[in-house]
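S.K.: You'll find start.pdb just under this line, and it carries PDB, C-alpha atoms.
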```pdb
ATOM      1  CA  MET A   1       1.480  -3.060  14.312
ATOM      2  CA  THR A   2       5.055  -1.878  14.752
ATOM      3  CA  THR A   3       6.932  -1.587  11.495
ATOM      4  CA  SER A   4      10.640  -1.741  10.942
ATOM      5  CA  PRO A   5      12.765   1.368  10.387
ATOM      6  CA  ILE A   6      13.172   0.290   6.755
ATOM      7  CA  VAL A   7       9.414   0.230   6.170
ATOM      8  CA  ASN A   8       9.017   3.540   8.026
ATOM      9  CA  ALA A   9      11.654   5.066   5.748
ATOM     10  CA  ALA A  10       9.896   3.671   2.675
ATOM     11  CA  MET A  11       6.576   5.111   3.885
ATOM     12  CA  SER A  12       8.176   8.541   4.142
ATOM     13  CA  LEU A  13       9.046   8.312   0.450
ATOM     14  CA  VAL A  14       5.569   7.319  -0.701
ATOM     15  CA  PRO A  15       3.928  10.355  -2.289
ATOM     16  CA  TYR A  16       0.878  11.749  -0.559
ATOM     17  CA  LEU A  17      -2.122  10.072  -2.102
ATOM     18  CA  ASP A  18      -5.667  11.409  -2.350
ATOM     19  CA  GLY A  19      -6.066  12.228   1.343
ATOM     20  CA  ASP A  20      -8.998   9.917   1.951
ATOM     21  CA  GLU A  21      -9.444   7.781   5.048
ATOM     22  CA  TRP A  22      -7.430   4.988   3.391
ATOM     23  CA  SER A  23      -4.353   7.091   2.554
ATOM     24  CA  HIS A  24      -2.315   5.715   5.453
ATOM     25  CA  LYS A  25      -3.177   2.117   4.552
ATOM     26  CA  LYS A  26      -2.328   2.763   0.903
ATOM     27  CA  ALA A  27       1.028   4.249   1.893
ATOM     28  CA  GLU A  28       1.701   1.389   4.293
ATOM     29  CA  TYR A  29       0.864  -1.220   1.647
ATOM     30  CA  LEU A  30       3.029   0.529  -0.962
ATOM     31  CA  ALA A  31       5.903   0.799   1.505
ATOM     32  CA  PHE A  32       5.805  -2.954   2.040
ATOM     33  CA  ARG A  33       5.740  -3.498  -1.725
ATOM     34  CA  PHE A  34       8.632  -1.059  -2.254
ATOM     35  CA  THR A  35      10.715  -2.966   0.288
ATOM     36  CA  GLY A  36      10.281  -6.266  -1.531
ATOM     37  CA  PHE A  37       7.213  -7.945  -0.076
ATOM     38  CA  SER A  38       4.801  -9.742  -2.396
ATOM     39  CA  VAL A  39       1.237  -8.516  -2.826
ATOM     40  CA  ARG A  40      -0.030 -11.235  -0.505
ATOM     41  CA  GLU A  41       2.606 -10.474   2.142
ATOM     42  CA  ALA A  42       2.060  -6.715   1.908
ATOM     43  CA  THR A  43      -1.710  -6.998   2.294
ATOM     44  CA  LYS A  44      -1.293  -9.248   5.311
ATOM     45  CA  LEU A  45       1.258  -6.903   6.930
ATOM     46  CA  ALA A  46      -0.871  -3.821   6.182
ATOM     47  CA  GLU A  47      -3.946  -5.674   7.434
ATOM     48  CA  ILE A  48      -6.028  -5.120   4.315
ATOM     49  CA  ALA A  49      -7.770  -7.487   1.923
ATOM     50  CA  GLU A  50      -6.302  -8.266  -1.483
ATOM     51  CA  ARG A  51      -9.687  -7.261  -2.918
ATOM     52  CA  THR A  52      -9.164  -3.778  -1.470
ATOM     53  CA  VAL A  53      -5.918  -3.442  -3.404
ATOM     54  CA  GLN A  54      -7.683  -4.626  -6.558
ATOM     55  CA  LEU A  55     -10.287  -1.878  -6.095
ATOM     56  CA  TRP A  56      -7.587   0.757  -5.534
ATOM     57  CA  ARG A  57      -5.855  -0.328  -8.737
ATOM     58  CA  ALA A  58      -9.108  -0.117 -10.702
ATOM     59  CA  GLU A  59     -10.145   3.248  -9.261
ATOM     60  CA  GLU A  60      -6.829   5.095  -9.032
ATOM     61  CA  ALA A  61      -4.337   5.211 -11.875
ATOM     62  CA  ARG A  62      -1.797   6.931  -9.620
ATOM     63  CA  PHE A  63      -1.954   4.122  -7.065
ATOM     64  CA  LYS A  64      -1.505   1.535  -9.819
ATOM     65  CA  ASP A  65       1.449   3.472 -11.256
ATOM     66  CA  LEU A  66       3.115   3.703  -7.839
ATOM     67  CA  GLU A  67       2.614   0.007  -7.208
ATOM     68  CA  ASN A  68       4.180  -0.864 -10.552
ATOM     69  CA  ALA A  69       7.130   1.508 -10.079
TER      70      ALA A  69
END
```
Turn this file's structure into structure tokens for me.
M.R.:
Amino acid sequence: MTTSPIVNAAMSLVPYLDGDEWSHKKAEYLAFRFTGFSVREATKLAEIAERTVQLWRAEEARFKDLENA
């Protein structure tokens, strides 16, 4: 999926996460959230399930903190 320059800029500001295979998807999701999309919209745009985000929140305090920032 092609993202807008605004989302690309937001992704560049997202801190490097844990370096796992999902890091890019986490950053992409957070970038959408940072630019004003709802959770539902951001998961759809990032092509991930809402349940995945729930698991990330439960497993990673840093992810949860970034999402709430």
S.K.: What does the distance between CA of Ala46 (chain A) and CA of Lys25 (chain A) come to in Å, to one decimal place?
M.R.: 6.6 Å
S.K.: Fewer than 2 positions away in the same chain doesn't count, so skip those; otherwise give me all residues within 12 Å of region 51-57 of chain A, counting only C-alpha atoms, as a ChimeraX atom specification.
M.R.: /A:17-18,20,22-23,25-30,33,39-40,42-44,46-49,59-68
S.K.: Axis-aligned box over every listed atom of region 55-66 of chain A, padded by 8 Å per side: centre and edges in Å to one decimal, as AutoDock Vina command-line options?
M.R.:
```
--center_x -3.6 --center_y 2.5 --center_z -8.7 --size_x 29.4 --size_y 24.8 --size_z 22.3
```
